[in-house]
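The file upload-v9.cif contains mmCIF, C-alpha atoms:
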data_target
loop_
_atom_site.label_atom_id
_atom_site.label_comp_id
_atom_site.auth_asym_id
_atom_site.auth_seq_id
_atom_site.Cartn_x
_atom_site.Cartn_y
_atom_site.Cartn_z
CA MET A 1 -27.74 4.48 123.19
CA ILE A 2 -27.44 5.12 119.44
CA THR A 3 -24.00 4.76 117.84
CA LEU A 4 -23.56 6.83 114.68
CA ARG A 5 -21.46 4.25 112.89
CA PRO A 6 -20.86 4.54 109.12
CA GLY A 7 -23.09 2.01 107.36
CA SER A 8 -25.72 1.85 110.10
CA HIS A 9 -29.28 2.91 109.38
CA ALA A 10 -29.06 5.86 111.79
CA TYR A 11 -25.89 7.12 110.12
CA ARG A 12 -27.39 6.73 106.64
CA LEU A 13 -30.45 8.73 107.70
CA LEU A 14 -28.16 11.41 109.09
CA LEU A 15 -26.24 11.60 105.78
CA LEU A 16 -29.37 11.71 103.66
CA LEU A 17 -31.16 14.39 105.68
CA SER A 18 -28.01 16.49 105.82
CA ALA A 19 -28.33 16.95 102.04
CA ALA A 20 -32.05 16.49 101.34
CA GLY A 21 -33.57 18.10 104.41
CA GLU A 22 -36.50 15.70 104.46
CA PHE A 23 -37.37 12.22 103.26
CA PRO A 24 -40.72 10.51 102.49
CA THR A 25 -41.71 7.67 104.79
CA ARG A 26 -43.24 5.85 101.80
CA SER A 27 -39.77 5.46 100.25
CA MET A 28 -37.89 3.89 103.15
CA ARG A 29 -37.49 0.74 101.05
CA LEU A 30 -34.73 2.61 99.19
CA LEU A 31 -32.68 2.71 102.39
CA GLY A 32 -32.99 -0.89 103.46
CA SER A 33 -35.26 -3.10 105.55
CA VAL A 34 -38.53 -1.18 105.98
CA ARG A 35 -39.29 -3.07 109.18
CA SER A 36 -35.95 -2.13 110.76
CA LEU A 37 -36.17 1.47 109.58
CA GLU A 38 -39.71 2.02 110.85
CA ALA A 39 -38.67 0.77 114.28
CA LEU A 40 -35.58 2.98 114.23
CA VAL A 41 -37.46 6.09 113.15
CA TYR A 42 -39.91 5.56 116.01
CA ARG A 43 -36.98 5.37 118.46
CA LEU A 44 -35.35 8.47 117.00
CA GLU A 45 -38.54 10.48 117.47
CA HIS A 46 -37.87 10.15 121.18
CA THR A 47 -34.89 11.41 123.15
CA GLN A 48 -31.86 9.15 122.78
CA GLN A 49 -28.25 9.26 123.88
CA PHE A 50 -25.80 9.41 120.94
CA ARG A 51 -22.14 8.57 120.53
CA ASN A 52 -19.80 8.39 117.54
CA GLU A 53 -18.06 5.26 116.30
CA SER A 54 -15.11 5.97 118.62
CA GLY A 55 -17.41 5.98 121.62
CA ALA A 56 -17.30 9.75 122.26
CA ASP A 57 -20.47 11.09 123.85
CA LEU A 58 -22.50 13.34 121.51
CA GLY A 59 -25.22 14.20 124.00
CA SER A 60 -28.91 13.40 123.97
CA CYS A 61 -31.68 14.69 121.70
CA LYS A 62 -34.59 13.77 119.51
CA MET A 63 -32.98 13.14 116.14
CA LEU A 64 -36.09 12.99 113.98
CA SER A 65 -39.47 14.62 113.56
CA VAL A 66 -42.20 12.94 111.47
CA SER A 67 -45.24 14.85 110.21
CA GLY A 68 -47.83 14.94 107.44
CA LYS A 69 -50.41 12.49 106.17
CA ARG A 70 -50.33 9.66 103.65
CA ASP A 71 -48.10 10.38 100.63
CA ARG A 72 -46.90 13.65 102.18
CA ARG A 73 -45.70 12.05 105.42
CA THR A 74 -42.15 13.25 105.83
CA ILE A 75 -39.09 12.69 108.02
CA ARG A 76 -37.00 15.71 109.08
CA PHE A 77 -34.37 16.57 111.64
CA HIS A 78 -35.63 17.64 115.02
CA LYS A 79 -34.23 21.07 115.78
CA THR A 80 -32.35 19.75 118.83
CA ALA A 81 -30.46 17.28 116.60
CA LEU A 82 -28.73 19.79 114.33
CA PRO A 83 -25.43 19.65 116.29
CA LEU A 84 -25.12 15.99 115.22
CA LEU A 85 -24.33 17.27 111.72
CA ASN A 86 -20.93 18.37 113.02
CA THR A 87 -19.98 14.70 113.27
CA LEU A 88 -20.25 14.34 109.49
CA HIS A 89 -18.16 17.25 108.24
CA PRO A 90 -17.03 20.67 109.52
CA ALA A 91 -19.21 22.37 106.90
CA ALA A 92 -22.23 20.05 107.13
CA LEU A 93 -24.29 22.17 109.51
CA GLU A 94 -23.61 25.44 107.71
CA GLN A 95 -24.45 23.89 104.33
CA TYR A 96 -27.61 22.29 105.68
CA LEU A 97 -28.87 25.58 107.10
CA ALA A 98 -28.12 27.35 103.82
CA LEU A 99 -29.96 24.78 101.68
CA SER A 100 -32.92 24.45 104.07
CA GLY A 101 -33.37 28.19 104.61
CA GLY A 102 -32.35 27.98 108.25
CA HIS A 103 -34.14 24.68 108.99
CA ARG A 104 -37.45 26.04 107.70
CA PHE A 105 -39.75 23.91 105.56
CA SER A 106 -42.90 24.75 103.66
CA SER A 107 -45.94 22.55 104.26
CA SER A 108 -47.34 23.15 100.77
CA THR A 109 -47.84 20.02 98.70
CA GLY A 110 -45.68 21.31 95.86
CA HIS A 111 -42.68 22.05 98.06
CA VAL A 112 -42.91 18.78 99.98
CA GLN A 113 -43.28 16.69 96.82
CA ARG A 114 -40.31 18.42 95.19
CA ASN A 115 -38.13 17.85 98.26
CA HIS A 116 -39.21 14.20 98.24
CA ARG A 117 -38.23 13.78 94.58
CA VAL A 118 -34.77 15.12 95.37
CA ALA A 119 -34.49 12.97 98.51
CA GLU A 120 -35.33 9.78 96.59
CA THR A 121 -32.70 10.68 94.00
CA LEU A 122 -30.12 11.06 96.76
CA ALA A 123 -31.15 7.77 98.35
CA MET A 124 -30.57 6.01 95.02
CA CYS A 125 -27.16 7.64 94.71
CA MET A 126 -26.23 6.69 98.27
CA GLY A 127 -27.11 3.07 97.53
CA ALA A 128 -25.00 3.16 94.36
CA GLY A 129 -21.98 4.64 96.13
CA ILE A 130 -22.24 8.04 94.43
CA GLU A 131 -21.13 11.12 96.36
CA PHE A 132 -24.04 13.52 96.90
CA ARG A 133 -23.22 15.56 100.00
CA PRO A 134 -23.00 19.25 98.97
CA TYR A 135 -20.49 20.01 101.72
CA ALA A 136 -18.13 17.26 100.49
CA LEU A 137 -18.10 18.34 96.83
CA PRO A 138 -16.05 21.11 95.18
CA VAL A 139 -18.20 24.12 94.29
CA LEU A 140 -18.93 24.42 90.57
CA GLN A 141 -18.01 27.65 88.79
CA LYS A 142 -18.48 29.43 85.47
CA GLN A 143 -15.38 31.62 85.26
CA ARG A 144 -12.92 29.34 83.49
CA ILE A 145 -12.38 25.83 82.17
CA ALA A 146 -10.98 23.71 85.00
CA GLN A 147 -11.21 20.17 86.34
CA VAL A 148 -13.40 20.94 89.34
CA VAL A 149 -15.59 17.84 89.36
CA PRO A 150 -14.01 14.95 91.30
CA PRO A 151 -12.89 11.84 89.40
CA ALA A 152 -15.40 9.59 91.17
CA PRO A 153 -19.14 9.80 90.35
CA ALA A 154 -20.80 12.77 92.03
CA LEU A 155 -24.30 14.22 92.07
CA TYR A 156 -24.88 17.95 92.43
CA ILE A 157 -28.42 18.63 93.63
CA ALA A 158 -30.57 20.98 91.57
CA LYS A 159 -30.78 23.60 94.30
CA SER A 160 -27.01 24.09 94.30
CA LEU A 161 -27.05 24.33 90.49
CA LYS A 162 -29.76 26.97 90.54
CA HIS A 163 -27.96 29.08 93.11
CA LEU A 164 -24.68 28.92 91.25
CA ASP A 165 -25.60 32.07 89.37
CA SER A 166 -28.68 34.14 90.18
CA THR A 167 -29.18 34.97 86.52
CA GLU A 168 -29.88 31.29 85.86
CA MET A 169 -32.80 31.12 88.29
CA ASN A 170 -35.44 32.05 85.74
CA LYS A 171 -34.05 29.44 83.35
CA THR A 172 -34.37 26.47 85.68
CA ILE A 173 -37.10 27.36 88.17
CA PHE A 174 -39.79 25.46 86.23
CA THR A 175 -37.79 22.31 85.66
CA ARG A 176 -38.29 18.96 87.35
CA LEU A 177 -34.55 18.42 87.42
CA THR A 178 -33.40 16.90 90.72
CA GLY A 179 -29.68 17.06 90.04
CA ALA A 180 -26.74 16.70 87.66
CA LEU A 181 -24.68 13.53 87.87
CA PHE A 182 -21.06 13.69 86.73
CA ALA A 183 -19.45 10.31 86.09
CA HIS A 184 -16.41 9.56 83.94
CA GLU A 185 -16.77 12.07 81.11
CA THR A 186 -20.58 12.01 81.13
CA CYS A 187 -22.97 14.59 82.56
CA TRP A 188 -26.41 13.17 83.28
CA ALA A 189 -29.46 15.35 83.84
CA VAL A 190 -31.44 13.57 86.57
CA TYR A 191 -35.24 13.62 86.78
CA ASN A 192 -37.64 11.79 89.11
CA THR A 193 -41.20 11.16 87.93
CA ARG A 194 -42.10 9.17 91.07
CA SER A 195 -45.59 7.73 90.34
CA ALA A 196 -46.99 10.48 88.12
CA VAL A 197 -46.40 11.71 84.59
CA MET A 198 -43.94 14.59 84.69
CA LYS A 199 -45.29 17.77 83.17
CA TRP A 200 -42.91 18.75 80.41
CA SER A 201 -41.72 22.35 80.09
CA GLY A 202 -40.04 22.32 76.68
CA MET A 203 -38.27 25.67 76.69
CA GLY A 204 -37.48 25.45 80.40
CA GLU A 205 -35.88 22.03 79.97
CA PHE A 206 -34.06 23.17 76.83
CA LYS A 207 -32.49 26.03 78.80
CA THR A 208 -31.69 23.65 81.64
CA ALA A 209 -29.83 21.36 79.24
CA GLN A 210 -27.87 24.33 77.89
CA HIS A 211 -27.00 25.39 81.45
CA LEU A 212 -25.81 21.86 82.28
CA ALA A 213 -23.76 21.69 79.10
CA GLU A 214 -21.98 24.90 80.09
CA LEU A 215 -21.33 23.64 83.62
CA ALA A 216 -20.03 20.32 82.24
CA ARG A 217 -17.67 22.10 79.86
CA MET A 218 -16.38 24.59 82.43
CA ASN A 219 -15.98 22.14 85.33
CA ALA A 220 -15.32 18.73 83.81
CA GLY A 221 -14.19 19.25 80.22
CA ILE A 222 -17.32 17.43 79.01
CA PRO A 223 -18.45 18.90 75.66
CA GLN A 224 -22.17 18.20 76.02
CA ALA A 225 -24.92 17.05 78.37
CA ASP A 226 -27.01 14.76 76.18
CA HIS A 227 -27.84 11.98 78.64
CA ALA A 228 -30.72 11.95 81.12
CA LEU A 229 -31.68 9.60 83.92
CA LEU A 230 -35.42 9.27 84.41
CA LEU A 231 -36.16 7.80 87.84
CA GLY A 232 -39.63 6.51 88.60
CA GLU A 233 -41.77 3.85 90.20
CA CYS A 234 -43.15 2.57 86.91
CA ILE A 235 -41.59 2.32 83.47
CA ASP A 236 -44.96 3.03 81.84
CA ILE A 237 -45.14 6.37 83.68
CA ALA A 238 -41.63 7.20 82.46
CA LEU A 239 -42.66 6.44 78.88
CA ARG A 240 -45.77 8.59 79.19
CA THR A 241 -43.55 11.40 80.43
CA MET A 242 -41.56 11.10 77.21
CA GLU A 243 -44.75 11.04 75.18
CA GLU A 244 -46.00 14.13 77.00
CA SER A 245 -43.18 16.04 75.37
CA ASP A 246 -44.59 15.08 71.94
CA LYS A 247 -47.26 17.73 72.51
CA SER A 248 -44.65 20.43 72.04
CA ARG A 249 -45.16 22.37 68.82
CA ARG A 250 -41.42 22.53 68.30
CA MET A 251 -39.66 19.24 67.56
CA GLU A 252 -36.38 20.44 69.06
CA LEU A 253 -38.08 20.83 72.47
CA ARG A 254 -39.13 17.19 72.75
CA PHE A 255 -37.58 15.23 75.60
CA ASP A 256 -35.77 12.81 73.29
CA ARG A 257 -34.46 15.65 71.12
CA ILE A 258 -33.03 17.57 74.06
CA TYR A 259 -31.60 14.36 75.51
CA PRO A 260 -30.97 11.72 72.77
CA HIS A 261 -30.34 9.16 75.53
CA ILE A 262 -32.93 8.84 78.32
CA HIS A 263 -32.32 5.95 80.72
CA PHE A 264 -35.13 4.73 82.97
CA ILE A 265 -34.03 3.84 86.50
CA PRO A 266 -36.68 2.17 88.70
CA LEU A 267 -36.94 3.44 92.27
CA ASN A 268 -35.93 0.14 93.85
CA TRP A 269 -32.88 -2.03 94.50
CA GLN A 270 -32.73 -3.10 90.84
CA GLY A 271 -32.50 0.56 89.88
CA ILE A 272 -29.69 1.13 92.35
CA ARG A 273 -27.75 -1.75 90.80
CA LEU A 274 -28.35 -0.37 87.30
CA LEU A 275 -27.19 3.06 88.45
CA ARG A 276 -23.92 1.50 89.63
CA ILE A 277 -23.38 0.06 86.15
CA LEU A 278 -24.11 3.34 84.36
CA THR A 279 -21.53 5.15 86.48
CA LEU A 280 -18.66 2.78 85.69
CA PRO A 281 -15.73 4.16 83.67
CA ASP A 282 -16.55 3.74 79.96
CA TRP A 283 -19.75 2.02 81.06
CA ASN A 284 -21.28 1.51 77.60
CA GLU A 285 -18.24 -0.26 76.21
CA GLN A 286 -17.94 -2.39 79.35
CA LEU A 287 -21.60 -3.37 79.18
CA LEU A 288 -21.60 -4.24 75.47
CA SER A 289 -18.33 -6.16 75.73
CA ALA A 290 -19.80 -8.18 78.57
CA VAL A 291 -22.82 -9.39 76.57
CA PHE A 292 -21.62 -9.55 72.95
CA PRO A 293 -18.66 -11.39 71.37
CA SER A 294 -16.41 -8.94 69.55
CA GLU A 295 -17.30 -10.45 66.16
CA TRP A 296 -20.99 -9.59 66.71
CA ARG A 297 -20.42 -5.94 67.55
CA ALA A 298 -21.80 -3.32 65.18
CA ALA A 299 -18.96 -1.58 63.35
CA SER A 300 -21.09 1.35 62.18
CA PRO A 301 -24.66 2.68 62.37
CA GLY A 302 -27.16 0.62 60.41
CA ILE A 303 -30.68 1.02 59.12
CA ILE A 304 -32.05 0.63 62.66
CA GLU A 305 -30.77 1.18 66.19
CA HIS A 306 -28.62 -1.80 67.15
CA ASP A 307 -25.45 -2.79 69.01
CA ALA A 308 -24.65 -6.14 67.43
CA GLN A 309 -25.57 -8.40 64.53
CA ARG A 310 -25.73 -12.18 64.33
CA ASP A 311 -26.85 -14.27 61.37
CA GLY A 312 -28.61 -11.29 59.83
CA ILE A 313 -30.45 -10.39 63.06
CA PHE A 314 -29.94 -6.89 64.46
CA ILE A 315 -29.58 -6.89 68.25
CA LEU A 316 -30.23 -3.93 70.54
CA SER A 317 -29.17 -3.93 74.19
CA HIS A 318 -31.81 -2.35 76.43
CA LEU A 319 -29.83 -3.29 79.52
CA ASP A 320 -29.04 0.39 79.99
CA GLY A 321 -32.77 1.24 80.06
CA ASP A 322 -32.43 3.79 77.23
CA LEU A 323 -36.03 4.63 76.34
CA ALA A 324 -35.06 7.06 73.59
CA ARG A 325 -33.23 4.36 71.64
CA LEU A 326 -36.14 1.98 72.15
CA LEU A 327 -38.46 4.65 70.75
CA ARG A 328 -36.26 5.04 67.68
CA LEU A 329 -36.18 1.26 67.22
CA ARG A 330 -39.97 1.04 67.29
CA GLN A 331 -40.28 3.83 64.77
CA ALA A 332 -37.85 2.03 62.45
CA LEU A 333 -39.67 -1.31 62.79
CA GLU A 334 -42.95 0.32 61.78
CA HIS A 335 -41.48 0.70 58.28
CA SER A 336 -39.20 -2.34 58.11
CA GLU A 337 -39.36 -6.12 58.27
CA THR A 338 -35.74 -6.33 59.42
CA PRO A 339 -35.33 -9.20 61.94
CA CYS A 340 -34.47 -7.75 65.33
CA GLU A 341 -33.79 -8.89 68.87
CA VAL A 342 -33.66 -6.95 72.14
CA LEU A 343 -31.62 -7.82 75.23
CA CYS A 344 -33.34 -6.87 78.47
CA PHE A 345 -33.59 -7.65 82.17
CA PRO A 346 -36.50 -9.86 83.31
CA TRP A 347 -38.19 -6.86 84.93
CA GLN A 348 -38.13 -5.05 81.58
CA THR A 349 -39.52 -7.91 79.49
CA VAL A 350 -43.27 -7.25 79.67
CA PHE A 351 -42.84 -3.56 78.92
CA VAL A 352 -40.47 -4.10 75.98
CA ARG A 353 -42.69 -6.83 74.47
CA ASP A 354 -45.81 -4.67 74.70
CA TYR A 355 -44.06 -1.54 73.52
CA LEU A 356 -42.58 -3.15 70.41
CA GLY A 357 -45.79 -5.04 69.70
CA GLY A 358 -44.06 -8.36 69.22
CA ARG A 359 -42.02 -7.05 66.28
CA ALA A 360 -38.73 -8.08 67.92
CA GLY A 361 -37.53 -11.18 69.69
CA LEU A 362 -36.49 -10.83 73.34
CA ARG A 363 -33.59 -12.35 75.20
CA GLU A 364 -33.29 -11.93 78.96
CA VAL A 365 -30.08 -11.26 80.88
CA THR A 366 -30.19 -11.38 84.66
CA MET A 367 -28.68 -8.60 86.72
CA ASP A 368 -26.62 -11.16 88.65
CA ALA A 369 -25.07 -12.50 85.44
CA LEU A 370 -24.27 -9.01 84.15
CA GLU A 371 -22.71 -7.94 87.46
CA ASP A 372 -20.60 -11.10 87.45
CA ALA A 373 -19.37 -10.31 83.93
CA LEU A 374 -18.55 -6.75 84.96
CA GLY A 375 -16.82 -7.79 88.18
CA LEU A 376 -19.51 -6.05 90.25
CA THR A 377 -20.78 -9.01 92.24
CA ASP A 378 -22.06 -7.50 95.47
CA PRO A 379 -20.36 -8.55 98.68
CA GLU A 380 -22.82 -9.91 101.20
CA ASP A 381 -22.83 -6.77 103.35
CA SER A 382 -23.59 -4.39 100.45
CA ASP A 383 -27.32 -5.14 100.32
CA PRO A 384 -29.07 -2.39 102.32
CA HIS A 385 -32.18 -4.55 102.75
CA LYS A 386 -30.54 -6.92 105.16
CA GLU A 387 -31.03 -6.31 108.87
CA VAL A 388 -28.46 -3.74 110.03
CA PRO A 389 -27.90 -2.63 113.64
CA PRO A 390 -29.27 0.89 114.27
#

Kindly transcribe the structure held in the file into structure tokens.
Amino acid sequence: MITLRPGSHAYRLLLLLSAAGEFPTRSMRLLGSVRSLEALVYRLEHTQQFRNESGADLGSCKMLSVSGKRDRRTIRFHKTALPLLNTLHPAALEQYLALSGGHRFSSSTGHVQRNHRVAETLAMCMGAGIEFRPYALPVLQKQRIAQVVPPAPALYIAKSLKHLDSTEMNKTIFTRLTGALFAHETCWAVYNTRSAVMKWSGMGEFKTAQHLAELARMNAGIPQADHALLLGECIDIALRTMEESDKSRRMELRFDRIYPHIHFIPLNWQGIRLLRILTLPDWNEQLLSAVFPSEWRAASPGIIEHDAQRDGIFILSHLDGDLARLLRLRQALEHSETPCEVLCFPWQTVFVRDYLGGRAGLREVTMDALEDALGLTDPEDSDPHKEVPP
């Protein structure tokens, strides 16, 4: 007997697949204990009896189907399990069928990999407490300026953005965008490089950014979409993705010109915790206030990128993972002997040291300490990697 109880692994899988359609087996670490999840997935490939949290019988079925080889191995709903979607939301089944083309999936590598990039993005959002279910979000529009986007952080998947207006299809079809994240007066373009350098389509991404800016203005009163989240397994891959855009013949089509702020989010539990911080109300001010005394704070832009100054030393916080600002700092230090220091997490240290070539001092801040300062200390049951009943 499987109880679909909110917070359980089975329920989380149901939520994720209702929006993503499929999920890569290689990324189960994003959902919690890999050992527990592998055992659960095996059980759910076989016929099980289901009930909801109130104990009502939901019938028996095979919930999951697993297919593919190696990196393409994927988890999907079994066709007999689709009625379970009705337990999530009255519109869940209808929305799922619309987004999945009637529960039909292509076996081509390109389609599977794209679906997996989106699924990993949704898994990160689920871990960070960000709403991502298409059937639970208000539909975006382009007819008038209105407050459509909910007040809490919400991710709209790329497929729903593309289908908002058929005339926009040719503008966004080549993009690697996985979604648009709206959080407290910020619209983030979300990309997922996974473990490979993302091929940059300058004009396509430029048009995507313009499309997002229009959606942000019409649905959230946000004047621009100049922030991007770059998810990936390795920070070096994310940096190479940025550098790939340098090959563009037009400077305005570079990644860091289209998005002046590009934040790297690792595809792991540390990245989920960072994502929670970046979706706080007025997150940048909260973060800087937590790590710098008010008398250190930079009152105005200086000769180099920085957030604070102490005893003549310029200090930049890289705790938000902003690669674009780090790039601008390195460029400035190539022509300046200005003493500089960078705040970073321990998992960022090696990359930052190598990238800046030792031209700046480093000071580490632990995620635990920052969460304590922000009042975000995780309760014991919030860690998805602990053993959770199926």

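Excluding stretch 21-24 of chain A itself and same-chain residues fewer than 5 positions from it, the residues having an atom within 6 Å of it are Arg73, Thr74, Ile75, Arg76, His116 and Ala119 of chain A, counting all atoms listed in the file.
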
Store the residues of this selection in a file with C-alpha atoms, as a PDB file, in the coordinates of the input.
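Generated output (out.pdb):
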ATOM      1  CA  ARG A  73     -45.700  12.050 105.420  1.00  0.00           C
ATOM      2  CA  THR A  74     -42.150  13.250 105.830  1.00  0.00           C
ATOM      3  CA  ILE A  75     -39.090  12.690 108.020  1.00  0.00           C
ATOM      4  CA  ARG A  76     -37.000  15.710 109.080  1.00  0.00           C
ATOM      5  CA  HIS A 116     -39.210  14.200  98.240  1.00  0.00           C
ATOM      6  CA  ALA A 119     -34.490  12.970  98.510  1.00  0.00           C
TER       7      ALA A 119
END

Specify as a PyMOL selection string each residue included when the PyMOL selection byres ((chain A and resi 308) around 8) is applied to this file.
chain A and resi 292+296-298+306-307+309-310+314-316

Write the residues of the preceding selection, restricted to C-alpha atoms, as a short mmCIF file (atom, residue, chain, number, x, y, z; two decimals), keeping the file's coordinate frame.
data_model
loop_
_atom_site.label_atom_id
_atom_site.label_comp_id
_atom_site.auth_asym_id
_atom_site.auth_seq_id
_atom_site.Cartn_x
_atom_site.Cartn_y
_atom_site.Cartn_z
CA PHE A 292 -21.62 -9.55 72.95
CA TRP A 296 -20.99 -9.59 66.71
CA ARG A 297 -20.42 -5.94 67.55
CA ALA A 298 -21.80 -3.32 65.18
CA HIS A 306 -28.62 -1.80 67.15
CA ASP A 307 -25.45 -2.79 69.01
CA GLN A 309 -25.57 -8.40 64.53
CA ARG A 310 -25.73 -12.18 64.33
CA PHE A 314 -29.94 -6.89 64.46
CA ILE A 315 -29.58 -6.89 68.25
CA LEU A 316 -30.23 -3.93 70.54
#

May I have the residues at most 12 Å from (-49.2, 14.0, 106.3) in the file's coordinates, counting only C-alpha atoms, as a PyMOL selection string?
chain A and resi 24-26+66-75+107-109+112-113

Preceding selection exported with C-alpha atoms as a PDB file, keeping the file's coordinate frame:
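Written output follows (selection30.pdb):
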ATOM      1  CA  PRO A  24     -40.720  10.510 102.490  1.00  0.00           C
ATOM      2  CA  THR A  25     -41.710   7.670 104.790  1.00  0.00           C
ATOM      3  CA  ARG A  26     -43.240   5.850 101.800  1.00  0.00           C
ATOM      4  CA  VAL A  66     -42.200  12.940 111.470  1.00  0.00           C
ATOM      5  CA  SER A  67     -45.240  14.850 110.210  1.00  0.00           C
ATOM      6  CA  GLY A  68     -47.830  14.940 107.440  1.00  0.00           C
ATOM      7  CA  LYS A  69     -50.410  12.490 106.170  1.00  0.00           C
ATOM      8  CA  ARG A  70     -50.330   9.660 103.650  1.00  0.00           C
ATOM      9  CA  ASP A  71     -48.100  10.380 100.630  1.00  0.00           C
ATOM     10  CA  ARG A  72     -46.900  13.650 102.180  1.00  0.00           C
ATOM     11  CA  ARG A  73     -45.700  12.050 105.420  1.00  0.00           C
ATOM     12  CA  THR A  74     -42.150  13.250 105.830  1.00  0.00           C
ATOM     13  CA  ILE A  75     -39.090  12.690 108.020  1.00  0.00           C
ATOM     14  CA  SER A 107     -45.940  22.550 104.260  1.00  0.00           C
ATOM     15  CA  SER A 108     -47.340  23.150 100.770  1.00  0.00           C
ATOM     16  CA  THR A 109     -47.840  20.020  98.700  1.00  0.00           C
ATOM     17  CA  VAL A 112     -42.910  18.780  99.980  1.00  0.00           C
ATOM     18  CA  GLN A 113     -43.280  16.690  96.820  1.00  0.00           C
TER      19      GLN A 113
END

For A:Gln348, work out the shell of residues within 9 Å, counting all atoms listed in the file and skipping chain neighbours fewer than 6 positions away, then give it as number ranges by chain.
A: 235, 318-319, 321, 364

May I have the residues within 10 Å of stretch 240-245 of chain A as a VMD selection string, using all atoms listed in the file and disregarding those fewer than 6 positions away in the same chain?
chain A and resid 193 196 to 202 230 251 253 to 257 262 323 to 324 327

So which residues are close to (-39.7, 4.1, 90.0), meaning at most 10 Å away in the file's coordinates with all atoms listed in the file counted, and can you show them as a VMD selection string?
chain A and resid 120 192 to 196 230 to 238 264 to 268 271

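If you look at atom CA of A:Glu337 and atom CA of A:Ile313, they are 11.0 Å away from each other.
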
Output: stretch 217-230 of chain A of the preceding structure, restricted to N, CA and C atoms, written as a short mmCIF file (atom, residue, chain, number, x, y, z; two decimals), in the first residue's frame.
data_model
loop_
_atom_site.label_atom_id
_atom_site.label_comp_id
_atom_site.auth_asym_id
_atom_site.auth_seq_id
_atom_site.Cartn_x
_atom_site.Cartn_y
_atom_site.Cartn_z
N ARG A 217 6.66 42.92 -17.36
CA ARG A 217 6.00 44.23 -17.26
C ARG A 217 4.49 44.08 -17.25
N MET A 218 3.96 43.21 -18.11
CA MET A 218 2.51 43.08 -18.25
C MET A 218 1.88 42.30 -17.10
N ASN A 219 2.63 41.39 -16.48
CA ASN A 219 2.04 40.49 -15.48
C ASN A 219 2.53 40.69 -14.05
N ALA A 220 3.60 41.48 -13.88
CA ALA A 220 4.13 41.64 -12.53
C ALA A 220 4.59 43.07 -12.24
N GLY A 221 4.47 43.96 -13.22
CA GLY A 221 4.91 45.33 -13.02
C GLY A 221 6.41 45.45 -12.85
N ILE A 222 7.16 44.46 -13.35
CA ILE A 222 8.62 44.47 -13.29
C ILE A 222 9.15 45.10 -14.57
N PRO A 223 9.94 46.17 -14.48
CA PRO A 223 10.34 46.91 -15.69
C PRO A 223 11.32 46.20 -16.59
N GLN A 224 12.08 45.23 -16.09
CA GLN A 224 13.07 44.58 -16.92
C GLN A 224 13.36 43.17 -16.42
N ALA A 225 13.96 42.37 -17.30
CA ALA A 225 14.36 41.01 -16.95
C ALA A 225 15.86 40.90 -17.21
N ASP A 226 16.66 41.38 -16.26
CA ASP A 226 18.10 41.45 -16.46
C ASP A 226 18.89 40.51 -15.57
N HIS A 227 18.19 39.55 -14.94
CA HIS A 227 18.86 38.56 -14.11
C HIS A 227 18.66 37.17 -14.73
N ALA A 228 19.69 36.35 -14.65
CA ALA A 228 19.59 34.96 -15.12
C ALA A 228 20.14 34.02 -14.07
N LEU A 229 19.53 32.86 -13.97
CA LEU A 229 20.04 31.78 -13.14
C LEU A 229 20.62 30.74 -14.08
N LEU A 230 21.86 30.35 -13.84
CA LEU A 230 22.53 29.37 -14.68
C LEU A 230 22.79 28.13 -13.83
#
